[in-house]
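Presented below is the structure to which this report refers.
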Amino acid sequence: MAEKLHAVFNLTYRKLNQIHAQLIKNPKPHILNPLLGSLSNSPTPQNALLLYNQMLLHPTSHNHYTFTHALKACFSLPAHQKGLEIHAHVLKCGHYSDIFIQNSLLHFYVIVNDVVSACQVFDSISYPDVVSWTSIISGLSKCGFEEEAIVKFSSMDVEPNSTTLVSVISACSSLGAFKLGKAIHGFSMRKLCQTNIVLDNAMLDFYVRCGSLVNARYIFENMPKRDVVSWTTIVGGYAHRGFCEEAVRLFNEMIRGGEAEPNEATIVNVLSACSSTGALSLGQWVHSYIATRNDLTTNDNVGNALINMYVKGGNIRMAIQVFSTMESKDIISWSTIISGMAMNGHGMHALQLFSLMLVHGVPPDDVTFIGLLSACSHAGMVERGLMIFNAMKDVYQIVPEMQHYACVVDMHGRAGLLDEAEAFIREMPMEAEGPIWGALLNACKIHGNEKMFERIKHCLLKSKGVGTGTLALLSNTYASSDRWDDANKVRDEMRWMGLKKMAGCSWIETDPPSNMT
């Protein structure tokens, strides 16, 4: 049987001609359609279209099922133009009123992201069934028309199934429509008799993306069955919301429980948690776990996450080791190691890596230049930094953003070139925001330039994007000069704006728990 399927899936024009010659004596749809269906579901669906073309040559060799199989091949490839041809032929031969063909056309247009045609097909269906409604809701949600998807869902005149609910809850997740999503969750609990892991995972993802970790954890704990998607979603939710210790704890529980095996996304999420907490030993434990898995490599996303974890944990040696062993280094790999060198005080090494990056033919992006400018700033290489800033604009045609300007101001400020920093700000093609004035304010505090401090503080308070840290710096600068009234005014302004400076903390890493070793 396997050999026959292999022969079918590897059809050539010659073999198709042989099939045509053998079946021309009795070209009945019930003989050809099963073969056409097998080809459309095979790894080579283009062969289905070759057979379909021959079936059209004989009026008695095809029926409405023929077109559904051919459309399946079109959205598997995808073959947009061929799908349009099939649509036209269906209209011409009078099969368009068949609900199976209408749903196949609808699904085809959804798969190829042709929302306009999908909506036209849906509107032409006299009595849409649940498959029709689910396809259009899914298509609208997938193509970025989440609000329209929700409107369609609210106008359904048939009972939705679990697949419909997955599509609409995905739209709610993208919009952050918390109340509506909770209502849909309640509807699913009342109406659906059987549990569905795909729907449960969609609900879990909805609560995670809306920031409701309490509800997400409740769903996770009460799921009758959990897979790697469930675990990855909950681990990622805790990591991205700042509960990094809990993310690592859940990952450890996943490993010990054996309910599901972590995949690449799970690993990236837990490494992100280790990076945020500076938990180097936990990150190393995850790295050692990766080494036990033959299906996990340190290329691409996992390798980039490891580099990020090691540079943030201050272990440059291991970051370089991971970077060196990566077979394929993308722009994220290079930018991460360059930024890591900069933040750990290895400015010259960062520039050398940049040169090596260019030799390998990897073009830099805006993030790469933030790392390079930061490297020059920390190493006191002002002239080199200005050359890099100008090359970014003139050679690589990258428009500087606020972070790039802030790096240049910080670079001048650290070197004590306060007048040059202020002049640079005045010449910016855009209005400087809070972080830029904050960088200059910090330089004034470090170098004791009270005259400039008095001049720029008004610019700081009028600018956009003034963060809690910048205002706290302004208050502390006043306090260090015994100007308590001014310091208290800034603090009062922060309270009026609802801002609060988070207390600083330091992580002191102990040995990992014994169950993690």
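All residue names refer to the structure tokens as shown: chains lettered A, B, ... in order, residues numbered from 1 in each chain, ligands numbered from 1 in order.
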Exercise. Quick one: everything within 9 Å of Gly340 in chain A, counting only C-alpha atoms, minus sequence neighbours fewer than 2 positions away in the same chain. Send it as a PyMOL selection string.
Key: chain A and resi 307-308+310-312+314+316+319+335-338+342-346+350+371
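Across A:Ile125, A:Cys210, A:Ile290, A:Leu51, the tightest approach to Leu32 in chain A is made by A:Leu51 when counting only C-alpha atoms.
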Quiz prompt | Point-to-point distance from CA of Leu280 in chain A to CA of Met309 in chain A, Å rounded to tenths | solution =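 Interatomic distance here is 7.4 Å.
By only C-alpha atoms, and with residues fewer than 4 positions from Gly144 in chain A along its chain excluded, the set lying at most 10 Å from it is Val115, Gly139, Leu140, Glu148, Ala149, Ala171, Ser174 and Leu175 of chain A.
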Can I get the selected residues back with C-alpha atoms, as a PDB file, in the first residue's frame?
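Output file selection20.pdb is given in full below:
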```
ATOM      1  CA  VAL A 115     -10.743  38.868   2.574  1.00  0.00           C
ATOM      2  CA  GLY A 139     -10.492  34.715   8.009  1.00  0.00           C
ATOM      3  CA  LEU A 140     -11.409  38.168   9.286  1.00  0.00           C
ATOM      4  CA  GLU A 148     -15.461  42.717  11.925  1.00  0.00           C
ATOM      5  CA  ALA A 149     -14.921  39.117  13.047  1.00  0.00           C
ATOM      6  CA  ALA A 171     -10.012  38.206  17.843  1.00  0.00           C
ATOM      7  CA  SER A 174      -5.834  40.766  19.682  1.00  0.00           C
ATOM      8  CA  LEU A 175      -8.200  43.595  20.680  1.00  0.00           C
TER       9      LEU A 175
END
```
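Going from CA of Met203 in chain A to CA of Phe153 in chain A covers 16.5 Å.
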Quiz item: With distances taken over only C-alpha atoms, which of A:Ile425, A:Met357, A:Met430, A:Ile234 is nearest to Tyr218 in chain A?
Solution: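 Checking each of A:Ile425, A:Met357, A:Met430, A:Ile234 against Tyr218 in chain A, counting only C-alpha atoms, the winner is A:Ile234.
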Can you list every residue of range 255-296 of chain A that has an atom at most 10 Å from range 227-231 of chain A, with its nearest atom pair and the distance in Å to one decimal, using only C-alpha atoms, ordered by chain then number, as a Markdown table?
```
| residue | atom | partner | partner_atom | distance |
| --- | --- | --- | --- | --- |
| A:Glu259 | CA | A:Asp227 | CA | 7.2 |
| A:Ala260 | CA | A:Val228 | CA | 5.2 |
| A:Glu261 | CA | A:Val228 | CA | 6.3 |
| A:Pro262 | CA | A:Val228 | CA | 6.2 |
| A:Asn263 | CA | A:Val228 | CA | 7.1 |
| A:Ala265 | CA | A:Val229 | CA | 8.9 |
| A:Thr266 | CA | A:Trp231 | CA | 7.5 |
```
Practice problem: List every residue of range 135-182 of chain A that DSSP, applied to the backbone, labels as helix (DSSP H, G or I), and write the result as a VMD selection string. | Solution: chain A and resid 135 to 142 146 to 154 162 to 175 178 to 182
Go ahead and write the selection's residues with N, CA and C atoms as a short mmCIF file (atom, residue, chain, number, x, y, z; two decimals), in the first residue's frame.
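Generated file (again-v8.cif):
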```cif
data_model
loop_
_atom_site.label_atom_id
_atom_site.label_comp_id
_atom_site.auth_asym_id
_atom_site.auth_seq_id
_atom_site.Cartn_x
_atom_site.Cartn_y
_atom_site.Cartn_z
N SER A 135 -15.50 29.88 8.95
CA SER A 135 -14.48 30.26 7.97
C SER A 135 -14.36 31.77 7.86
N ILE A 136 -15.48 32.46 7.77
CA ILE A 136 -15.43 33.92 7.58
C ILE A 136 -14.93 34.61 8.86
N ILE A 137 -15.35 34.12 10.03
CA ILE A 137 -14.88 34.70 11.29
C ILE A 137 -13.38 34.48 11.45
N SER A 138 -12.94 33.26 11.14
CA SER A 138 -11.52 32.94 11.22
C SER A 138 -10.72 33.79 10.25
N GLY A 139 -11.21 33.93 9.02
CA GLY A 139 -10.49 34.71 8.01
C GLY A 139 -10.36 36.17 8.39
N LEU A 140 -11.45 36.76 8.87
CA LEU A 140 -11.41 38.17 9.29
C LEU A 140 -10.43 38.37 10.45
N SER A 141 -10.48 37.46 11.41
CA SER A 141 -9.59 37.57 12.57
C SER A 141 -8.14 37.41 12.15
N LYS A 142 -7.87 36.42 11.30
CA LYS A 142 -6.49 36.13 10.88
C LYS A 142 -5.89 37.27 10.06
N GLU A 146 -10.29 42.16 13.28
CA GLU A 146 -10.82 41.52 14.48
C GLU A 146 -12.21 42.04 14.85
N GLU A 147 -12.42 43.35 14.73
CA GLU A 147 -13.72 43.90 15.09
C GLU A 147 -14.81 43.36 14.18
N GLU A 148 -14.49 43.27 12.88
CA GLU A 148 -15.46 42.72 11.93
C GLU A 148 -15.75 41.25 12.23
N ALA A 149 -14.72 40.52 12.68
CA ALA A 149 -14.92 39.12 13.05
C ALA A 149 -15.90 38.99 14.21
N ILE A 150 -15.77 39.88 15.20
CA ILE A 150 -16.67 39.85 16.35
C ILE A 150 -18.09 40.22 15.94
N VAL A 151 -18.22 41.19 15.03
CA VAL A 151 -19.55 41.56 14.53
C VAL A 151 -20.20 40.37 13.84
N LYS A 152 -19.44 39.66 13.00
CA LYS A 152 -19.97 38.47 12.33
C LYS A 152 -20.42 37.44 13.35
N PHE A 153 -19.60 37.24 14.36
CA PHE A 153 -19.94 36.24 15.39
C PHE A 153 -21.26 36.60 16.08
N SER A 154 -21.43 37.88 16.37
CA SER A 154 -22.65 38.32 17.07
C SER A 154 -23.91 38.18 16.21
N SER A 162 -16.76 24.59 18.62
CA SER A 162 -15.53 24.95 19.33
C SER A 162 -14.55 25.69 18.42
N THR A 163 -14.52 25.32 17.13
CA THR A 163 -13.62 26.00 16.19
C THR A 163 -14.03 27.45 16.00
N THR A 164 -15.34 27.71 15.95
CA THR A 164 -15.84 29.09 15.85
C THR A 164 -15.38 29.90 17.07
N LEU A 165 -15.51 29.30 18.23
CA LEU A 165 -15.15 30.01 19.46
C LEU A 165 -13.65 30.27 19.53
N VAL A 166 -12.84 29.35 19.01
CA VAL A 166 -11.40 29.58 18.96
C VAL A 166 -11.09 30.81 18.12
N SER A 167 -11.78 30.95 16.98
CA SER A 167 -11.54 32.08 16.08
C SER A 167 -11.94 33.40 16.72
N VAL A 168 -13.10 33.43 17.36
CA VAL A 168 -13.58 34.70 17.92
C VAL A 168 -12.80 35.07 19.19
N ILE A 169 -12.37 34.07 19.97
CA ILE A 169 -11.59 34.39 21.17
C ILE A 169 -10.21 34.90 20.77
N SER A 170 -9.71 34.43 19.61
CA SER A 170 -8.45 34.96 19.09
C SER A 170 -8.60 36.43 18.73
N ALA A 171 -9.76 36.79 18.15
CA ALA A 171 -10.01 38.21 17.84
C ALA A 171 -10.08 39.03 19.13
N CYS A 172 -10.71 38.50 20.15
CA CYS A 172 -10.79 39.20 21.44
C CYS A 172 -9.40 39.38 22.05
N SER A 173 -8.54 38.38 21.89
CA SER A 173 -7.17 38.48 22.41
C SER A 173 -6.43 39.61 21.75
N SER A 174 -6.55 39.72 20.42
CA SER A 174 -5.83 40.77 19.68
C SER A 174 -6.32 42.16 20.06
N LEU A 175 -7.63 42.29 20.34
CA LEU A 175 -8.20 43.59 20.68
C LEU A 175 -8.12 43.90 22.17
N PHE A 178 -11.62 42.23 26.95
CA PHE A 178 -11.66 41.33 28.10
C PHE A 178 -13.09 40.89 28.45
N LYS A 179 -14.02 41.85 28.52
CA LYS A 179 -15.39 41.51 28.92
C LYS A 179 -16.04 40.56 27.92
N LEU A 180 -15.87 40.86 26.63
CA LEU A 180 -16.45 40.00 25.61
C LEU A 180 -15.82 38.61 25.64
N GLY A 181 -14.51 38.57 25.81
CA GLY A 181 -13.83 37.28 25.88
C GLY A 181 -14.32 36.45 27.05
N LYS A 182 -14.54 37.10 28.21
CA LYS A 182 -15.06 36.37 29.37
C LYS A 182 -16.46 35.84 29.10
#
```
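Pairwise distance (CA of Ile101 in chain A, CA of Ser76 in chain A) equals 16.2 Å.
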Self-check item: Surrounding residues of range 304-306 of chain A excluding itself and chain neighbours under 5 positions, 10 Å, only C-alpha atoms, as a VMD selection string
Solution: chain A and resid 267 to 272 274 to 275 283 to 284 286 to 287 298 to 299 311 to 312 318 to 319 322 to 323 326 329 to 337
Atoms kept (C-alpha atoms) for selection, written as a PDB file, in the first residue's frame:
```pdb
ATOM      1  CA  ILE A 267      12.771  27.276  26.121  1.00  0.00           C
ATOM      2  CA  VAL A 268      12.869  30.838  24.773  1.00  0.00           C
ATOM      3  CA  ASN A 269      10.223  31.938  27.290  1.00  0.00           C
ATOM      4  CA  VAL A 270      11.997  30.470  30.310  1.00  0.00           C
ATOM      5  CA  LEU A 271      15.362  31.874  29.186  1.00  0.00           C
ATOM      6  CA  SER A 272      13.697  35.267  28.919  1.00  0.00           C
ATOM      7  CA  CYS A 274      16.134  33.970  33.608  1.00  0.00           C
ATOM      8  CA  SER A 275      17.469  37.021  31.746  1.00  0.00           C
ATOM      9  CA  GLY A 283      19.784  29.804  32.900  1.00  0.00           C
ATOM     10  CA  GLN A 284      22.769  27.474  32.908  1.00  0.00           C
ATOM     11  CA  VAL A 286      18.174  25.321  31.201  1.00  0.00           C
ATOM     12  CA  HIS A 287      21.208  25.321  28.896  1.00  0.00           C
ATOM     13  CA  THR A 298      21.337  26.395  19.862  1.00  0.00           C
ATOM     14  CA  ASN A 299      20.723  27.905  16.456  1.00  0.00           C
ATOM     15  CA  VAL A 311      25.174  38.778  28.497  1.00  0.00           C
ATOM     16  CA  LYS A 312      22.546  40.027  30.951  1.00  0.00           C
ATOM     17  CA  MET A 318      29.637  31.743  27.703  1.00  0.00           C
ATOM     18  CA  ALA A 319      27.771  34.235  25.504  1.00  0.00           C
ATOM     19  CA  VAL A 322      27.194  30.041  22.318  1.00  0.00           C
ATOM     20  CA  PHE A 323      27.542  32.673  19.598  1.00  0.00           C
ATOM     21  CA  MET A 326      25.805  28.873  16.128  1.00  0.00           C
ATOM     22  CA  LYS A 329      23.768  33.767  12.865  1.00  0.00           C
ATOM     23  CA  ASP A 330      21.028  36.251  12.011  1.00  0.00           C
ATOM     24  CA  ILE A 331      20.797  39.978  12.707  1.00  0.00           C
ATOM     25  CA  ILE A 332      19.386  39.259  16.187  1.00  0.00           C
ATOM     26  CA  SER A 333      22.406  37.098  17.064  1.00  0.00           C
ATOM     27  CA  TRP A 334      24.885  39.783  16.012  1.00  0.00           C
ATOM     28  CA  SER A 335      22.958  42.670  17.600  1.00  0.00           C
ATOM     29  CA  THR A 336      22.549  40.793  20.893  1.00  0.00           C
ATOM     30  CA  ILE A 337      26.255  39.953  21.257  1.00  0.00           C
TER      31      ILE A 337
END
```
Quiz item: What lies within 12 Å of Met223 in chain A using only C-alpha atoms, ignoring chain neighbours under 3 positions off, as a list in words?
Solution: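 Returned residues: Thr195, Asn196, Ile197, Val198, Leu199, Asp200, Asn201, Met203, Leu204, Ala216, Arg217, Tyr218, Ile219, Phe220, Arg226, Asp227, Ser230 and Trp231 of chain A.
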